[in-house]
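One file, work.cif, is given below (mmCIF, C-alpha atoms and all ligand atoms).
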```cif
data_start
loop_
_atom_site.group_PDB
_atom_site.id
_atom_site.type_symbol
_atom_site.label_atom_id
_atom_site.label_comp_id
_atom_site.auth_asym_id
_atom_site.auth_seq_id
_atom_site.Cartn_x
_atom_site.Cartn_y
_atom_site.Cartn_z
ATOM 1 C CA MET A 1 -46.449 -1.101 9.422
ATOM 2 C CA GLY A 2 -43.772 1.527 8.822
ATOM 3 C CA ARG A 3 -41.742 0.136 11.695
ATOM 4 C CA LEU A 4 -42.159 -3.425 10.409
ATOM 5 C CA SER A 5 -40.869 -2.514 6.970
ATOM 6 C CA SER A 6 -37.901 -0.740 8.580
ATOM 7 C CA ILE A 7 -37.111 -3.897 10.533
ATOM 8 C CA LEU A 8 -37.461 -6.003 7.390
ATOM 9 C CA PHE A 9 -35.223 -3.593 5.519
ATOM 10 C CA CYS A 10 -32.581 -3.824 8.250
ATOM 11 C CA LEU A 11 -32.734 -7.612 8.220
ATOM 12 C CA ILE A 12 -32.348 -7.773 4.444
ATOM 13 C CA PHE A 13 -29.584 -5.194 4.515
ATOM 14 C CA SER A 14 -27.555 -7.011 7.171
ATOM 15 C CA THR A 15 -28.071 -10.371 5.429
ATOM 16 C CA THR A 16 -26.702 -8.861 2.209
ATOM 17 C CA ALA A 17 -23.720 -7.464 4.111
ATOM 18 C CA VAL A 18 -22.945 -10.885 5.580
ATOM 19 C CA PHE A 19 -22.936 -12.524 2.138
ATOM 20 C CA ALA A 20 -20.709 -9.870 0.526
ATOM 21 C CA TYR A 21 -17.538 -11.797 1.336
ATOM 22 C CA ASP A 22 -14.391 -11.107 -0.673
ATOM 23 C CA VAL A 23 -11.516 -13.582 -0.282
ATOM 24 C CA TYR A 24 -8.947 -10.956 -1.329
ATOM 25 C CA LYS A 25 -9.949 -8.667 1.552
ATOM 26 C CA ASP A 26 -9.658 -11.420 4.171
ATOM 27 C CA HIS A 27 -6.228 -11.228 5.820
ATOM 28 C CA THR A 28 -6.713 -14.670 7.369
ATOM 29 C CA GLN A 29 -6.686 -16.263 3.893
ATOM 30 C CA ASP A 30 -3.603 -17.570 2.158
ATOM 31 C CA VAL A 31 -1.806 -14.795 0.206
ATOM 32 C CA GLU A 32 -1.842 -16.796 -3.046
ATOM 33 C CA ALA A 33 -5.603 -17.410 -2.744
ATOM 34 C CA ARG A 34 -6.165 -13.680 -2.141
ATOM 35 C CA VAL A 35 -4.021 -12.732 -5.147
ATOM 36 C CA GLN A 36 -5.858 -15.173 -7.423
ATOM 37 C CA ASP A 37 -9.239 -13.941 -6.190
ATOM 38 C CA LEU A 38 -8.307 -10.305 -6.772
ATOM 39 C CA LEU A 39 -6.707 -10.865 -10.183
ATOM 40 C CA LYS A 40 -9.732 -12.644 -11.572
ATOM 41 C CA ARG A 41 -11.947 -9.708 -10.603
ATOM 42 C CA MET A 42 -9.734 -7.030 -12.185
ATOM 43 C CA THR A 43 -10.379 -5.395 -15.548
ATOM 44 C CA LEU A 44 -7.494 -4.630 -17.912
ATOM 45 C CA ALA A 45 -7.770 -0.908 -17.042
ATOM 46 C CA GLU A 46 -7.480 -1.730 -13.335
ATOM 47 C CA LYS A 47 -4.401 -3.907 -13.950
ATOM 48 C CA ILE A 48 -2.715 -1.189 -15.989
ATOM 49 C CA GLY A 49 -3.481 1.394 -13.302
ATOM 50 C CA GLN A 50 -2.158 -0.855 -10.544
ATOM 51 C CA MET A 51 1.130 -1.287 -12.428
ATOM 52 C CA THR A 52 1.529 2.462 -12.801
ATOM 53 C CA GLN A 53 3.414 4.767 -10.471
ATOM 54 C CA ILE A 54 2.935 8.507 -11.027
ATOM 55 C CA GLU A 55 4.750 11.501 -9.571
ATOM 56 C CA ARG A 56 3.095 13.479 -6.768
ATOM 57 C CA ILE A 57 3.051 16.626 -8.934
ATOM 58 C CA VAL A 58 0.457 15.086 -11.316
ATOM 59 C CA ALA A 59 -1.440 13.102 -8.663
ATOM 60 C CA ASN A 60 -4.823 14.110 -7.313
ATOM 61 C CA TYR A 61 -7.945 12.394 -5.992
ATOM 62 C CA SER A 62 -9.651 12.201 -9.408
ATOM 63 C CA VAL A 63 -6.618 10.923 -11.320
ATOM 64 C CA ILE A 64 -6.097 8.118 -8.795
ATOM 65 C CA LYS A 65 -9.776 7.215 -8.764
ATOM 66 C CA ASP A 66 -10.325 7.410 -12.531
ATOM 67 C CA TYR A 67 -7.144 5.569 -13.586
ATOM 68 C CA TYR A 68 -6.868 3.096 -10.639
ATOM 69 C CA ILE A 69 -3.328 4.326 -9.957
ATOM 70 C CA GLY A 70 -1.401 1.797 -7.851
ATOM 71 C CA SER A 71 1.407 3.979 -6.593
ATOM 72 C CA ILE A 72 2.559 7.568 -6.222
ATOM 73 C CA ILE A 73 6.124 8.764 -5.729
ATOM 74 C CA SER A 74 7.764 11.862 -4.334
ATOM 75 C CA GLY A 75 11.010 12.037 -6.269
ATOM 76 C CA GLY A 76 13.927 14.223 -5.146
ATOM 77 C CA GLY A 77 12.602 17.620 -4.009
ATOM 78 C CA SER A 78 8.925 16.676 -4.471
ATOM 79 C CA ALA A 79 7.233 17.998 -1.322
ATOM 80 C CA PRO A 80 3.574 19.123 -1.034
ATOM 81 C CA GLU A 81 4.743 22.654 -0.197
ATOM 82 C CA PRO A 82 7.988 24.366 0.878
ATOM 83 C CA LYS A 83 8.872 23.439 4.473
ATOM 84 C CA ALA A 84 5.779 21.178 4.641
ATOM 85 C CA SER A 85 5.007 19.927 8.148
ATOM 86 C CA VAL A 86 4.540 16.262 9.034
ATOM 87 C CA ASP A 87 0.768 16.955 9.228
ATOM 88 C CA THR A 88 0.790 18.377 5.704
ATOM 89 C CA TRP A 89 2.493 15.220 4.420
ATOM 90 C CA GLN A 90 0.046 12.953 6.236
ATOM 91 C CA ASN A 91 -2.988 14.933 5.069
ATOM 92 C CA MET A 92 -1.822 14.871 1.461
ATOM 93 C CA ILE A 93 -1.365 11.095 1.563
ATOM 94 C CA ASP A 94 -4.752 10.555 3.237
ATOM 95 C CA TYR A 95 -6.400 12.706 0.550
ATOM 96 C CA LEU A 96 -4.722 10.753 -2.266
ATOM 97 C CA GLN A 97 -5.445 7.417 -0.541
ATOM 98 C CA ALA A 98 -9.127 8.360 -0.372
ATOM 99 C CA GLY A 99 -9.168 8.408 -4.189
ATOM 100 C CA ALA A 100 -7.850 4.823 -4.253
ATOM 101 C CA ILE A 101 -10.206 3.520 -1.576
ATOM 102 C CA VAL A 102 -13.376 4.648 -3.388
ATOM 103 C CA THR A 103 -12.565 2.572 -6.468
ATOM 104 C CA ARG A 104 -14.610 -0.543 -7.264
ATOM 105 C CA LEU A 105 -12.107 -2.989 -5.742
ATOM 106 C CA GLN A 106 -10.925 -0.583 -3.009
ATOM 107 C CA ILE A 107 -7.237 -1.384 -3.545
ATOM 108 C CA PRO A 108 -5.126 1.030 -1.467
ATOM 109 C CA MET A 109 -2.346 2.872 -3.298
ATOM 110 C CA ILE A 110 1.270 2.679 -2.160
ATOM 111 C CA TYR A 111 2.991 6.011 -1.544
ATOM 112 C CA ALA A 112 6.716 5.926 -2.198
ATOM 113 C CA ILE A 113 9.521 8.408 -1.657
ATOM 114 C CA ASP A 114 13.223 8.882 -2.296
ATOM 115 C CA ALA A 115 14.696 8.952 1.217
ATOM 116 C CA VAL A 116 18.282 8.295 0.241
ATOM 117 C CA HIS A 117 20.204 10.129 2.955
ATOM 118 C CA GLY A 118 17.633 10.465 5.676
ATOM 119 C CA HIS A 119 14.051 11.534 4.868
ATOM 120 C CA ASN A 120 15.638 14.189 2.659
ATOM 121 C CA ASN A 121 12.472 15.619 1.054
ATOM 122 C CA VAL A 122 11.076 16.550 4.448
ATOM 123 C CA TYR A 123 11.840 19.823 6.199
ATOM 124 C CA GLY A 124 13.347 19.210 9.626
ATOM 125 C CA ALA A 125 14.213 15.558 8.975
ATOM 126 C CA VAL A 126 17.562 14.186 10.118
ATOM 127 C CA ILE A 127 19.949 14.384 7.166
ATOM 128 C CA PHE A 128 22.733 11.815 6.897
ATOM 129 C CA PRO A 129 25.670 11.736 4.467
ATOM 130 C CA HIS A 130 24.928 10.372 0.995
ATOM 131 C CA ASN A 131 25.306 6.641 0.434
ATOM 132 C CA ILE A 132 28.840 6.902 -0.949
ATOM 133 C CA GLY A 133 29.881 8.595 2.299
ATOM 134 C CA LEU A 134 28.152 5.894 4.348
ATOM 135 C CA GLY A 135 29.957 3.260 2.294
ATOM 136 C CA CYS A 136 33.245 4.906 3.209
ATOM 137 C CA THR A 137 32.584 4.269 6.901
ATOM 138 C CA ARG A 138 32.921 0.498 6.255
ATOM 139 C CA ASP A 139 30.514 0.117 9.162
ATOM 140 C CA PRO A 140 27.457 -1.992 8.183
ATOM 141 C CA ASP A 141 25.966 -1.760 11.673
ATOM 142 C CA LEU A 142 26.048 2.054 11.613
ATOM 143 C CA VAL A 143 24.480 2.088 8.126
ATOM 144 C CA LYS A 144 21.759 -0.291 9.301
ATOM 145 C CA ARG A 145 20.938 1.967 12.245
ATOM 146 C CA ILE A 146 20.817 4.993 9.899
ATOM 147 C CA GLY A 147 18.354 3.019 7.745
ATOM 148 C CA ALA A 148 16.176 2.274 10.775
ATOM 149 C CA ALA A 149 16.187 5.957 11.849
ATOM 150 C CA THR A 150 15.218 7.016 8.330
ATOM 151 C CA ALA A 151 12.445 4.385 8.178
ATOM 152 C CA LEU A 152 10.964 5.743 11.415
ATOM 153 C CA GLU A 153 10.838 9.295 10.034
ATOM 154 C CA VAL A 154 9.377 8.089 6.710
ATOM 155 C CA ARG A 155 6.647 6.189 8.572
ATOM 156 C CA ALA A 156 5.861 9.290 10.657
ATOM 157 C CA THR A 157 4.907 11.156 7.481
ATOM 158 C CA GLY A 158 2.444 8.377 6.548
ATOM 159 C CA ILE A 159 4.686 6.718 3.948
ATOM 160 C CA SER A 160 5.307 2.970 3.899
ATOM 161 C CA TYR A 161 7.722 2.565 0.998
ATOM 162 C CA PHE A 162 11.010 4.270 0.223
ATOM 163 C CA PHE A 163 13.806 3.922 -2.265
ATOM 164 C CA ALA A 164 16.964 3.496 -0.198
ATOM 165 C CA PRO A 165 19.662 2.629 0.472
ATOM 166 C CA CYS A 166 21.010 2.806 -3.019
ATOM 167 C CA ILE A 167 24.016 0.923 -4.277
ATOM 168 C CA ALA A 168 25.508 3.352 -6.778
ATOM 169 C CA ALA A 169 27.950 0.908 -8.327
ATOM 170 C CA CYS A 170 30.597 2.704 -10.332
ATOM 171 C CA ARG A 171 30.429 1.935 -14.018
ATOM 172 C CA ASP A 172 32.845 2.704 -16.798
ATOM 173 C CA PRO A 173 30.674 3.510 -19.835
ATOM 174 C CA ARG A 174 33.569 2.646 -22.184
HETATM 175 C C1 LIG A 201 -6.375 16.356 -11.440
HETATM 176 O O1 LIG A 201 -5.345 16.261 -12.370
HETATM 177 C C2 LIG A 201 -5.793 16.217 -13.710
HETATM 178 C C3 LIG A 201 -4.575 15.946 -14.586
HETATM 179 O O2 LIG A 201 -3.524 16.811 -14.287
HETATM 180 C C4 LIG A 201 -6.501 17.526 -14.048
HETATM 181 O O3 LIG A 201 -6.984 17.458 -15.372
HETATM 182 C C5 LIG A 201 -7.652 17.712 -13.093
HETATM 183 O O4 LIG A 201 -8.242 18.974 -13.291
HETATM 184 C C6 LIG A 201 -7.173 17.619 -11.653
HETATM 185 N N1 LIG A 201 -8.338 17.611 -10.775
HETATM 186 C C7 LIG A 201 -8.384 18.302 -9.646
HETATM 187 C C8 LIG A 201 -9.623 18.144 -8.840
HETATM 188 O O5 LIG A 201 -7.461 19.013 -9.275
#
```

Would you write out, as structure tokens, the structure that this file holds?
Ligand SMILES: *[C@@H]1O[C@H](CO)[C@@H](O)[C@H](O)[C@H]1NC(C)=O
Amino acid sequence: MGRLSSILFCLIFSTTAVFAYDVYKDHTQDVEARVQDLLKRMTLAEKIGQMTQIERIVANYSVIKDYYIGSIISGGGSAPEPKASVDTWQNMIDYLQAGAIVTRLQIPMIYAIDAVHGHNNVYGAVIFPHNIGLGCTRDPDLVKRIGAATALEVRATGISYFFAPCIAACRDPR
């Protein structure tokens, strides 16, 4: 009898799992359909959290989980520790991502970083001249290849979004 109820339990459990289908989590669906499905499920608090990007210094598992934070940024100089290794960066991002994944809708957060002249927050990264210096080369192909090299190093630290290159257009405040 005990075994029979276990089998019944398993059957019911797997049936429930099959019917828990969320359009927004299905990558084979049309993007617009997924967006509409997700938006109609979201509370106001979840929407506010998703539109918020906070600095790494104030981010932790609980803050991300409790406020549904959509994005975290490492601004200039914002590293998890001095001379942090690639592993330390990856572990920090995994830990923060875990706080996003346990939320009701399981929306992953986006980690962002200023990588304006190479992956400049990261110890040991290749450092390139600042954007004004790159502009002076008048060599778009070289600048593109520098961007690709920087993107590779950013990705290696577990980050998928960075703020660069920057077009620092000169302005005359008068
Ligand atoms: C997370 O950050 C908040 C706000 O700074 C703080 O109140 C809380 O104690 C922190 N929690 C942990 C587990 O560090």

Next item on the list: Given the file shown, enumerate the residues that the PyMOL selection byres (((not hetatm)) within 12 of (chain A and resi 201)) captures and present them as an NGL selection string.
Entry: :A and (54-67 or 95-96 or 99)

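Each of A:Ser71, A:Ser78, A:Thr103, A:Thr137 was compared to Thr52 (chain A) using all atoms listed in the file, and A:Ser71 turns out to be the nearest.
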
Checklist line | Best match for closeness to Ala79 (chain A) among A:His119, A:Lys40, A:Lys47, A:His27, counting only C-alpha atoms | finding: A:His119

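If you apply the PyMOL selection byres (((chain A and resi 23) around 9) and not hetatm) to this structure, you end up with Tyr21, Asp22, Tyr24, Lys25, Asp26, His27, Gln29, Ala33, Arg34, Val35, Asp37 and Leu38 of chain A.
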
Checklist line | Residues in the PyMOL selection byres (((chain A and resi 80) around 10) and not hetatm), expressed as a ChimeraX atom specification | finding: /A:56-57,74,77-79,81-85,88-89,91-93,121-122

Take region 17-168 of chain A from the preceding structure and save C-alpha atoms as a compact mmCIF listing (two decimals), in the first residue's frame.
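The resulting selection-v1.txt:
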```txt
# COMPACT_ATOMS: atom_id res chain seq x y z
CA ALA A 17 4.92 19.43 -13.55
CA VAL A 18 3.79 18.85 -17.13
CA PHE A 19 0.90 21.31 -16.77
CA ALA A 20 3.03 24.06 -15.18
CA TYR A 21 3.82 25.63 -18.55
CA ASP A 22 4.90 29.27 -18.68
CA VAL A 23 4.95 30.93 -22.12
CA TYR A 24 7.52 33.51 -20.97
CA LYS A 25 10.03 30.77 -20.10
CA ASP A 26 9.69 29.03 -23.47
CA HIS A 27 12.48 30.21 -25.79
CA THR A 28 10.71 28.70 -28.79
CA GLN A 29 7.84 31.20 -28.40
CA ASP A 30 7.69 34.56 -30.10
CA VAL A 31 9.49 37.26 -28.05
CA GLU A 32 6.44 39.56 -28.03
CA ALA A 33 4.20 36.73 -26.75
CA ARG A 34 6.73 35.97 -23.99
CA VAL A 35 6.94 39.64 -22.98
CA GLN A 36 3.15 39.98 -22.84
CA ASP A 37 2.84 36.77 -20.81
CA LEU A 38 5.48 37.89 -18.32
CA LEU A 39 4.17 41.46 -17.97
CA LYS A 40 0.66 40.34 -17.15
CA ARG A 41 1.98 38.16 -14.33
CA MET A 42 4.13 40.88 -12.73
CA THR A 43 3.15 42.89 -9.66
CA LEU A 44 3.95 46.61 -9.45
CA ALA A 45 6.77 45.85 -6.96
CA GLU A 46 8.29 43.36 -9.40
CA LYS A 47 8.12 45.89 -12.26
CA ILE A 48 9.79 48.57 -10.16
CA GLY A 49 12.52 46.15 -9.10
CA GLN A 50 13.13 45.03 -12.67
CA MET A 51 13.59 48.65 -13.76
CA THR A 52 16.13 49.26 -11.02
CA GLN A 53 19.89 48.92 -11.32
CA ILE A 54 21.87 49.05 -8.06
CA GLU A 55 25.59 49.30 -7.42
CA ARG A 56 27.51 46.17 -6.41
CA ILE A 57 28.49 47.76 -3.08
CA VAL A 58 24.85 47.66 -1.84
CA ALA A 59 23.89 44.40 -3.58
CA ASN A 60 23.49 41.10 -1.77
CA TYR A 61 21.37 37.96 -2.09
CA SER A 62 18.57 39.25 0.17
CA VAL A 63 18.32 42.71 -1.41
CA ILE A 64 18.01 41.19 -4.89
CA LYS A 65 15.48 38.62 -3.75
CA ASP A 66 13.37 40.96 -1.61
CA TYR A 67 13.26 43.89 -4.07
CA TYR A 68 13.26 41.91 -7.37
CA ILE A 69 16.31 43.88 -8.53
CA GLY A 70 16.71 43.65 -12.32
CA SER A 71 20.31 44.71 -12.67
CA ILE A 72 23.53 45.30 -10.76
CA ILE A 73 26.47 47.43 -11.87
CA SER A 74 30.14 47.60 -11.04
CA GLY A 75 30.96 51.25 -11.63
CA GLY A 76 34.55 52.49 -11.98
CA GLY A 77 36.74 50.81 -9.33
CA SER A 78 33.92 48.59 -7.99
CA ALA A 79 35.56 45.16 -7.62
CA PRO A 80 34.54 42.45 -5.10
CA GLU A 81 37.97 42.71 -3.46
CA PRO A 82 41.39 44.20 -4.29
CA LYS A 83 43.09 42.20 -7.06
CA ALA A 84 40.03 39.90 -7.27
CA SER A 85 40.60 36.81 -9.41
CA VAL A 86 38.34 35.79 -12.29
CA ASP A 87 36.92 33.05 -10.00
CA THR A 88 36.06 35.64 -7.35
CA TRP A 89 34.17 37.69 -9.94
CA GLN A 90 32.29 34.65 -11.23
CA ASN A 91 31.43 33.43 -7.73
CA MET A 92 30.13 36.84 -6.70
CA ILE A 93 27.88 37.02 -9.77
CA ASP A 94 26.60 33.46 -9.25
CA TYR A 95 25.79 34.31 -5.62
CA LEU A 96 23.89 37.47 -6.61
CA GLN A 97 22.16 35.66 -9.50
CA ALA A 98 20.94 33.02 -7.05
CA GLY A 99 18.98 35.75 -5.25
CA ALA A 100 17.22 36.64 -8.53
CA ILE A 101 16.49 33.06 -9.54
CA VAL A 102 14.64 32.20 -6.31
CA THR A 103 12.07 34.95 -6.84
CA ARG A 104 8.48 34.06 -7.76
CA LEU A 105 8.94 34.65 -11.51
CA GLN A 106 12.60 33.53 -11.56
CA ILE A 107 13.73 36.45 -13.74
CA PRO A 108 17.54 36.45 -13.95
CA MET A 109 19.30 39.72 -13.13
CA ILE A 110 21.66 41.39 -15.59
CA TYR A 111 25.13 42.19 -14.26
CA ALA A 112 26.70 45.24 -15.88
CA ILE A 113 30.13 46.82 -15.68
CA ASP A 114 32.06 49.85 -16.87
CA ALA A 115 34.71 48.33 -19.16
CA VAL A 116 35.64 51.50 -20.98
CA HIS A 117 39.30 50.90 -21.81
CA GLY A 118 39.58 47.16 -21.53
CA HIS A 119 38.00 45.29 -18.60
CA ASN A 120 39.48 48.02 -16.42
CA ASN A 121 37.94 47.02 -13.06
CA VAL A 122 39.60 43.62 -13.23
CA TYR A 123 43.11 42.94 -11.99
CA GLY A 124 45.27 41.49 -14.75
CA ALA A 125 42.92 42.50 -17.58
CA VAL A 126 44.36 43.96 -20.78
CA ILE A 127 44.22 47.75 -20.47
CA PHE A 128 43.81 49.82 -23.62
CA PRO A 129 44.04 53.60 -24.03
CA HIS A 130 40.93 55.58 -23.08
CA ASN A 131 38.33 56.18 -25.77
CA ILE A 132 39.65 59.63 -26.70
CA GLY A 133 43.02 58.03 -27.45
CA LEU A 134 41.35 55.31 -29.52
CA GLY A 135 39.46 57.99 -31.42
CA CYS A 136 42.77 59.63 -32.26
CA THR A 137 43.91 56.49 -34.08
CA ARG A 138 41.21 57.13 -36.74
CA ASP A 139 41.20 53.36 -37.16
CA PRO A 140 37.66 51.92 -36.75
CA ASP A 141 38.84 48.37 -37.43
CA LEU A 142 41.42 48.54 -34.63
CA VAL A 143 38.81 49.97 -32.23
CA LYS A 144 36.38 47.21 -33.18
CA ARG A 145 39.00 44.55 -32.45
CA ILE A 146 39.76 46.21 -29.08
CA GLY A 147 36.02 46.03 -28.33
CA ALA A 148 35.94 42.33 -29.19
CA ALA A 149 38.98 41.62 -26.96
CA THR A 150 37.36 43.51 -24.09
CA ALA A 151 34.05 41.66 -24.59
CA LEU A 152 35.86 38.32 -24.33
CA GLU A 153 37.48 39.29 -21.02
CA VAL A 154 34.17 40.67 -19.66
CA ARG A 155 32.42 37.41 -20.56
CA ALA A 156 35.18 35.41 -18.84
CA THR A 157 34.29 37.08 -15.53
CA GLY A 158 30.63 36.00 -15.94
CA ILE A 159 29.35 39.40 -17.09
CA SER A 160 27.12 39.80 -20.14
CA TYR A 161 26.62 43.56 -20.32
CA PHE A 162 29.09 46.42 -20.33
CA PHE A 163 29.04 50.15 -20.84
CA ALA A 164 31.49 50.83 -23.67
CA PRO A 165 32.67 52.19 -25.95
CA CYS A 166 31.69 55.65 -24.89
CA ILE A 167 31.35 58.60 -27.20
CA ALA A 168 32.48 61.48 -25.01
```
